[in-house]
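Peer 1: Data: structure.txt, compact mmCIF, C-alpha atoms.
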# COMPACT_ATOMS: atom_id res chain seq x y z
CA MET A 255 98.39 81.13 98.78
CA ASP A 256 97.19 79.44 101.93
CA ARG A 257 99.34 76.37 102.58
CA GLU A 258 96.61 74.45 104.36
CA THR A 259 94.35 74.88 101.33
CA ILE A 260 97.04 73.61 98.96
CA ALA A 261 97.67 70.63 101.25
CA VAL A 262 93.98 69.69 101.00
CA TYR A 263 94.14 69.71 97.19
CA ASP A 264 97.37 67.70 97.21
CA ALA A 265 95.70 65.09 99.44
CA LYS A 266 92.33 65.06 97.68
CA PHE A 267 93.21 65.64 94.01
CA GLU A 268 91.99 62.18 93.00
CA ASP A 269 88.61 62.84 94.66
CA TYR A 270 88.41 66.17 92.84
CA VAL A 271 89.03 64.44 89.53
CA LYS A 272 86.00 62.21 90.16
CA LEU A 273 83.84 65.34 90.42
CA THR A 274 85.06 66.76 87.12
CA GLU A 275 86.23 63.97 84.83
CA THR A 276 82.80 63.14 83.41
CA LEU A 277 81.79 66.76 82.88
CA THR A 278 81.49 68.11 79.37
CA PRO A 279 82.39 71.78 78.89
CA GLY A 280 79.62 73.86 80.42
CA ALA A 281 77.97 76.94 78.97
CA ALA A 282 80.34 79.33 80.77
CA LEU A 283 83.46 77.61 79.42
CA LEU A 284 82.05 77.44 75.89
CA ARG A 285 81.13 81.12 76.10
CA PHE A 286 84.71 81.92 77.15
CA ILE A 287 86.26 79.79 74.40
CA ASN A 288 84.04 81.36 71.75
CA ALA A 289 84.88 84.88 72.94
CA VAL A 290 88.64 84.34 72.56
CA PRO A 291 90.11 84.82 69.05
CA PRO A 292 90.76 81.53 67.20
CA GLY A 293 94.16 80.14 68.15
CA GLY A 294 94.47 82.68 70.96
CA SER A 295 96.71 82.31 74.00
CA VAL A 296 94.78 81.46 77.18
CA LEU A 297 95.60 80.83 80.83
CA ASP A 298 93.64 78.55 83.15
CA LEU A 299 94.51 80.19 86.48
CA GLY A 300 94.12 77.74 89.36
CA CYS A 301 93.38 74.95 86.91
CA GLY A 302 92.79 72.01 89.25
CA PRO A 303 92.97 68.77 87.20
CA GLY A 304 92.97 70.81 83.99
CA GLU A 305 89.67 69.84 82.39
CA ALA A 306 88.95 73.43 81.32
CA ALA A 307 92.43 73.76 79.83
CA ARG A 308 91.91 70.47 78.00
CA ALA A 309 88.71 71.84 76.43
CA MET A 310 90.53 75.03 75.44
CA ALA A 311 93.32 73.05 73.76
CA VAL A 312 90.81 70.82 71.93
CA ALA A 313 89.17 74.02 70.66
CA GLY A 314 92.49 75.04 69.13
CA LEU A 315 93.59 77.59 71.73
CA ASP A 316 97.17 77.86 73.01
CA ALA A 317 96.49 76.76 76.59
CA THR A 318 98.61 77.23 79.71
CA ALA A 319 97.35 75.78 83.01
CA LEU A 320 98.64 76.93 86.39
CA ASP A 321 98.04 75.47 89.83
CA ALA A 322 99.85 75.58 93.18
CA SER A 323 98.99 71.94 93.94
CA GLN A 324 101.62 69.46 92.77
CA GLY A 325 98.97 66.74 92.77
CA MET A 326 96.79 68.71 90.37
CA ILE A 327 99.70 69.65 88.10
CA SER A 328 100.78 66.00 87.91
CA LEU A 329 97.45 65.38 86.17
CA VAL A 330 97.69 68.44 83.91
CA GLN A 331 101.11 67.34 82.67
CA LYS A 332 99.42 64.36 81.00
CA ILE A 333 97.04 66.51 78.92
CA PRO A 334 98.11 66.92 75.27
CA ASN A 335 98.83 70.45 74.01
CA VAL A 336 98.54 72.08 77.45
CA THR A 337 101.53 73.80 79.09
CA ALA A 338 101.48 72.94 82.82
CA VAL A 339 102.89 75.43 85.35
CA HIS A 340 103.33 74.52 89.02
CA ALA A 341 103.17 77.91 90.74
CA ASP A 342 100.95 80.19 92.80
CA PHE A 343 99.16 83.29 91.51
CA ASP A 344 102.26 85.47 92.01
CA TRP A 345 103.61 83.83 88.82
CA LEU A 346 101.26 86.12 86.93
CA ASP A 347 103.48 89.12 86.18
CA GLN A 348 103.33 89.18 82.38
CA GLN A 349 102.47 92.15 80.20
CA ALA A 350 99.80 91.69 77.49
CA ALA A 351 100.58 87.97 77.21
CA PHE A 352 97.14 86.37 76.97
CA ASP A 353 94.00 86.72 74.86
CA GLY A 354 91.99 85.16 77.66
CA ILE A 355 92.29 84.24 81.34
CA TRP A 356 89.97 81.71 82.97
CA ALA A 357 89.88 81.92 86.79
CA ASN A 358 87.09 79.56 87.82
CA PHE A 359 86.72 79.13 91.59
CA ALA A 360 90.44 79.68 92.15
CA LEU A 361 90.85 83.27 93.36
CA LEU A 362 88.42 82.52 96.19
CA HIS A 363 91.40 80.99 98.00
CA THR A 364 93.17 84.37 98.25
CA ASN A 365 92.25 87.01 100.84
CA ARG A 366 90.64 90.45 100.84
CA ASP A 367 93.99 92.23 100.67
CA THR A 368 95.54 90.24 97.82
CA PHE A 369 92.43 89.69 95.66
CA PRO A 370 92.49 93.22 94.15
CA ARG A 371 96.22 92.86 93.48
CA TYR A 372 95.60 89.69 91.50
CA LEU A 373 92.88 91.44 89.50
CA ASP A 374 95.47 94.12 88.67
CA ALA A 375 97.90 91.41 87.53
CA ILE A 376 95.22 89.79 85.37
CA ALA A 377 94.35 93.10 83.71
CA LYS A 378 98.05 93.69 83.02
CA ALA A 379 98.59 90.17 81.65
CA LEU A 380 95.67 90.40 79.21
CA LYS A 381 96.05 91.87 75.75
CA PRO A 382 93.79 94.86 74.96
CA GLY A 383 90.30 93.47 74.43
CA GLY A 384 91.25 90.29 76.29
CA ILE A 385 88.59 88.04 77.82
CA PHE A 386 88.44 87.32 81.55
CA HIS A 387 86.17 84.76 83.20
CA LEU A 388 85.78 84.96 86.97
CA GLY A 389 84.00 82.27 88.97
CA MET A 390 83.63 82.87 92.71
CA LYS A 391 81.47 81.96 95.67
CA THR A 392 79.55 84.97 96.95
CA GLY A 393 78.96 86.28 100.44
CA GLU A 394 80.82 88.30 103.04
CA GLY A 395 83.96 87.84 105.10
CA ALA A 396 86.16 84.74 105.02
CA HIS A 397 86.26 81.28 106.59
CA ARG A 398 87.57 77.73 106.28
CA ASP A 399 85.30 74.96 105.07
CA ALA A 400 84.91 71.53 106.68
CA MET A 401 87.98 70.32 104.76
CA GLY A 402 90.19 73.16 105.99
CA ARG A 403 90.27 75.22 102.77
CA PHE A 404 90.34 79.00 103.18
CA TYR A 405 87.76 81.09 101.30
CA VAL A 406 87.25 84.81 100.83
CA TYR A 407 83.83 86.15 99.87
CA PHE A 408 82.59 89.26 98.09
CA THR A 409 79.15 90.37 96.96
CA ARG A 410 78.11 90.78 93.33
CA SER A 411 78.24 94.57 93.64
CA GLU A 412 81.79 94.38 95.02
CA PHE A 413 82.90 92.21 92.09
CA GLU A 414 81.27 94.55 89.60
CA MET A 415 82.90 97.60 91.15
CA MET A 416 86.40 96.04 91.21
CA LEU A 417 86.15 94.83 87.62
CA LEU A 418 84.79 98.10 86.25
CA GLU A 419 87.52 100.05 88.08
CA ARG A 420 90.13 98.01 86.19
CA GLY A 421 88.64 98.64 82.77
CA PHE A 422 86.62 95.44 82.34
CA GLU A 423 83.30 95.47 80.52
CA ILE A 424 80.90 92.92 81.99
CA LEU A 425 79.49 90.79 79.16
CA HIS A 426 77.56 88.08 81.00
CA VAL A 427 76.68 87.18 84.59
CA LYS A 428 75.18 84.02 86.04
CA GLU A 429 74.35 83.41 89.69
CA GLY A 430 73.26 80.17 91.34
CA GLU A 431 74.05 77.55 93.96
CA GLU A 432 76.25 74.48 93.62
CA LYS A 433 77.62 71.65 95.76
CA GLY A 434 81.41 71.34 95.75
CA LEU A 435 84.04 68.95 97.08
CA ALA A 436 83.15 69.72 100.73
CA GLY A 437 79.51 68.79 100.11
CA SER A 438 77.97 72.13 101.10
CA LEU A 439 75.56 74.03 98.85
CA ASP A 440 77.05 77.47 98.24
CA PRO A 441 75.97 80.54 96.23
CA PHE A 442 78.24 81.45 93.31
CA ILE A 443 78.69 83.94 90.51
CA LEU A 444 80.18 83.51 87.03
CA MET A 445 81.25 86.68 85.22
CA LEU A 446 82.49 86.95 81.64
CA THR A 447 84.26 90.24 80.98
CA ARG A 448 86.31 91.99 78.31
CA LEU A 449 89.24 94.32 78.98
CA ALA A 450 89.01 97.69 77.28
CA ASP A 451 91.04 98.06 74.06
Could you render the structure as structure tokens?

Peer 2:
Amino acid sequence: MDRETIAVYDAKFEDYVKLTETLTPGAALLRFINAVPPGGSVLDLGCGPGEAARAMAVAGLDATALDASQGMISLVQKIPNVTAVHADFDWLDQQAAFDGIWANFALLHTNRDTFPRYLDAIAKALKPGGIFHLGMKTGEGAHRDAMGRFYVYFTRSEFEMMLLERGFEILHVKEGEEKGLAGSLDPFILMLTRLAD
């Protein structure tokens, strides 16, 4: 992952917590949780302060939360019943290990060359019929935001093509605009998918 991006999260993790700590689980997260078998094993990939993983654990799922920011993982380590992993996305080399993987606005910090490779790793790490949630900003190209974080962008049709090529069935899609930590209003897409049995 991009070191400058990780450095921003290490420096700003307390500010990021303020954006998320009062949030109740949104519709996308509840949809993901309900799609995973009861008690299933789930991974919050690029978990930030771990609020999604906390909700998964409260729902009775076996939650693992991974982030490359030590600042973020220091917060996750305090969450009951969540296994915290300080690592980048290359940690994901398991075979059929998870019933669900939640990647919400995390893979947007990769690049156009590595993004498909991480989708391959996710497909491999999911059990047959596993659930995958992908949240990304949409657009074209790549750039750094005002805080110095690196972003890669794809269009909805590109996401759909890459997911379908890897055997994912698209169950639900939501598009919209949202203001993030940098303060800009950006278009996004949320995609809930299921890996073929």

Peer 1: Give me, as JSON lines, each residue of region 327-381 of chain A that comes within 8 Å of region 282-293 of chain A, together with its shortest interatomic pair and the distance in Å at one decimal, counting all atoms listed in the file, with rows ordered by chain and rising residue number.

Peer 2:
{"residue": "A:Asp353", "atom": "CA", "partner": "A:Val290", "partner_atom": "CA", "distance": 6.3}
{"residue": "A:Gly354", "atom": "CA", "partner": "A:Val290", "partner_atom": "CA", "distance": 6.2}
{"residue": "A:Trp356", "atom": "CA", "partner": "A:Phe286", "partner_atom": "CA", "distance": 7.8}

Peer 1: For Ala307 (chain A), please output as a ChimeraX atom specification all residues within 9 Å (counting all atoms listed in the file; exclusion window: fewer than 3 positions along the same chain).

Peer 2: /A:296-298,301,303-304,310-312,317-319,330,333,336,356

Peer 1: Tell me which protein, DNA and RNA residues are within 12 Å of Asp321 (chain A), counting only C-alpha atoms, leaving out same-chain ones fewer than 3 positions away, and put them as a ChimeraX atom specification.

Peer 2: /A:255,260,263-264,267,297-304,307,318,324-331,337-346,357-358,360-361,363

Peer 1: Just to be explicit: take each residue in the selection above, keep C-alpha atoms, and write the result as a short mmCIF file (atom, residue, chain, number, x, y, z; two decimals), in the coordinates of the input.

Peer 2:
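Okay, again.cif is ready:
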data_model
loop_
_atom_site.label_atom_id
_atom_site.label_comp_id
_atom_site.auth_asym_id
_atom_site.auth_seq_id
_atom_site.Cartn_x
_atom_site.Cartn_y
_atom_site.Cartn_z
CA MET A 255 98.39 81.13 98.78
CA ILE A 260 97.04 73.61 98.96
CA TYR A 263 94.14 69.71 97.19
CA ASP A 264 97.37 67.70 97.21
CA PHE A 267 93.21 65.64 94.01
CA LEU A 297 95.60 80.83 80.83
CA ASP A 298 93.64 78.55 83.15
CA LEU A 299 94.51 80.19 86.48
CA GLY A 300 94.12 77.74 89.36
CA CYS A 301 93.38 74.95 86.91
CA GLY A 302 92.79 72.01 89.25
CA PRO A 303 92.97 68.77 87.20
CA GLY A 304 92.97 70.81 83.99
CA ALA A 307 92.43 73.76 79.83
CA THR A 318 98.61 77.23 79.71
CA GLN A 324 101.62 69.46 92.77
CA GLY A 325 98.97 66.74 92.77
CA MET A 326 96.79 68.71 90.37
CA ILE A 327 99.70 69.65 88.10
CA SER A 328 100.78 66.00 87.91
CA LEU A 329 97.45 65.38 86.17
CA VAL A 330 97.69 68.44 83.91
CA GLN A 331 101.11 67.34 82.67
CA THR A 337 101.53 73.80 79.09
CA ALA A 338 101.48 72.94 82.82
CA VAL A 339 102.89 75.43 85.35
CA HIS A 340 103.33 74.52 89.02
CA ALA A 341 103.17 77.91 90.74
CA ASP A 342 100.95 80.19 92.80
CA PHE A 343 99.16 83.29 91.51
CA ASP A 344 102.26 85.47 92.01
CA TRP A 345 103.61 83.83 88.82
CA LEU A 346 101.26 86.12 86.93
CA ALA A 357 89.88 81.92 86.79
CA ASN A 358 87.09 79.56 87.82
CA ALA A 360 90.44 79.68 92.15
CA LEU A 361 90.85 83.27 93.36
CA HIS A 363 91.40 80.99 98.00
#

Peer 1: Can you tell me how far CA of Ala450 (chain A) sits from CA of Gly294 (chain A), in Å to one decimal?

Peer 2: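 Going from CA of Ala450 (chain A) over to CA of Gly294 (chain A), I get 17.2 Å.
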
Peer 1: Please identify all polymer residues lying at most 10 Å from the point (87.4, 90.6, 104.3) (file coordinates), using only C-alpha atoms, and present the result as an MDAnalysis selection string.

Peer 2: chainID A and resid 365:367 394:397 405:408

Peer 1: Measure the distance from CA of Glu305 (chain A) to CA of Met416 (chain A) in Å and round it to one decimal.

Peer 2: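 Interatomic distance here is 27.8 Å.
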
Peer 1: Enter the distance from CA of Met445 (chain A) to CA of His426 (chain A), in Å, rounded to one decimal.

Peer 2: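 These atoms are spaced 5.8 Å apart.
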
Peer 1: In terms of the shortest atom-to-atom distance over only C-alpha atoms, which of A:Ala350, A:Leu418, A:Leu446, A:Val427 is closest to His387 (chain A)?

Peer 2: A:Leu446

Peer 1: Would you please work out which residue, of A:Phe422, A:Ser295, A:Leu388, A:Arg403, is nearest to Phe352 (chain A) when using all atoms listed in the file?

Peer 2: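 Once distances to Phe352 (chain A) are computed over all atoms listed in the file, the minimum belongs to A:Ser295.
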
Peer 1: Could you check the closest approach to Gln348 (chain A) for each of A:Asn335, A:Arg308, A:Asp374, A:Lys433 and tell me which residue wins, using only C-alpha atoms?

Peer 2: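 Residue with the minimum atom-to-atom distance to Gln348 (chain A): A:Asp374.
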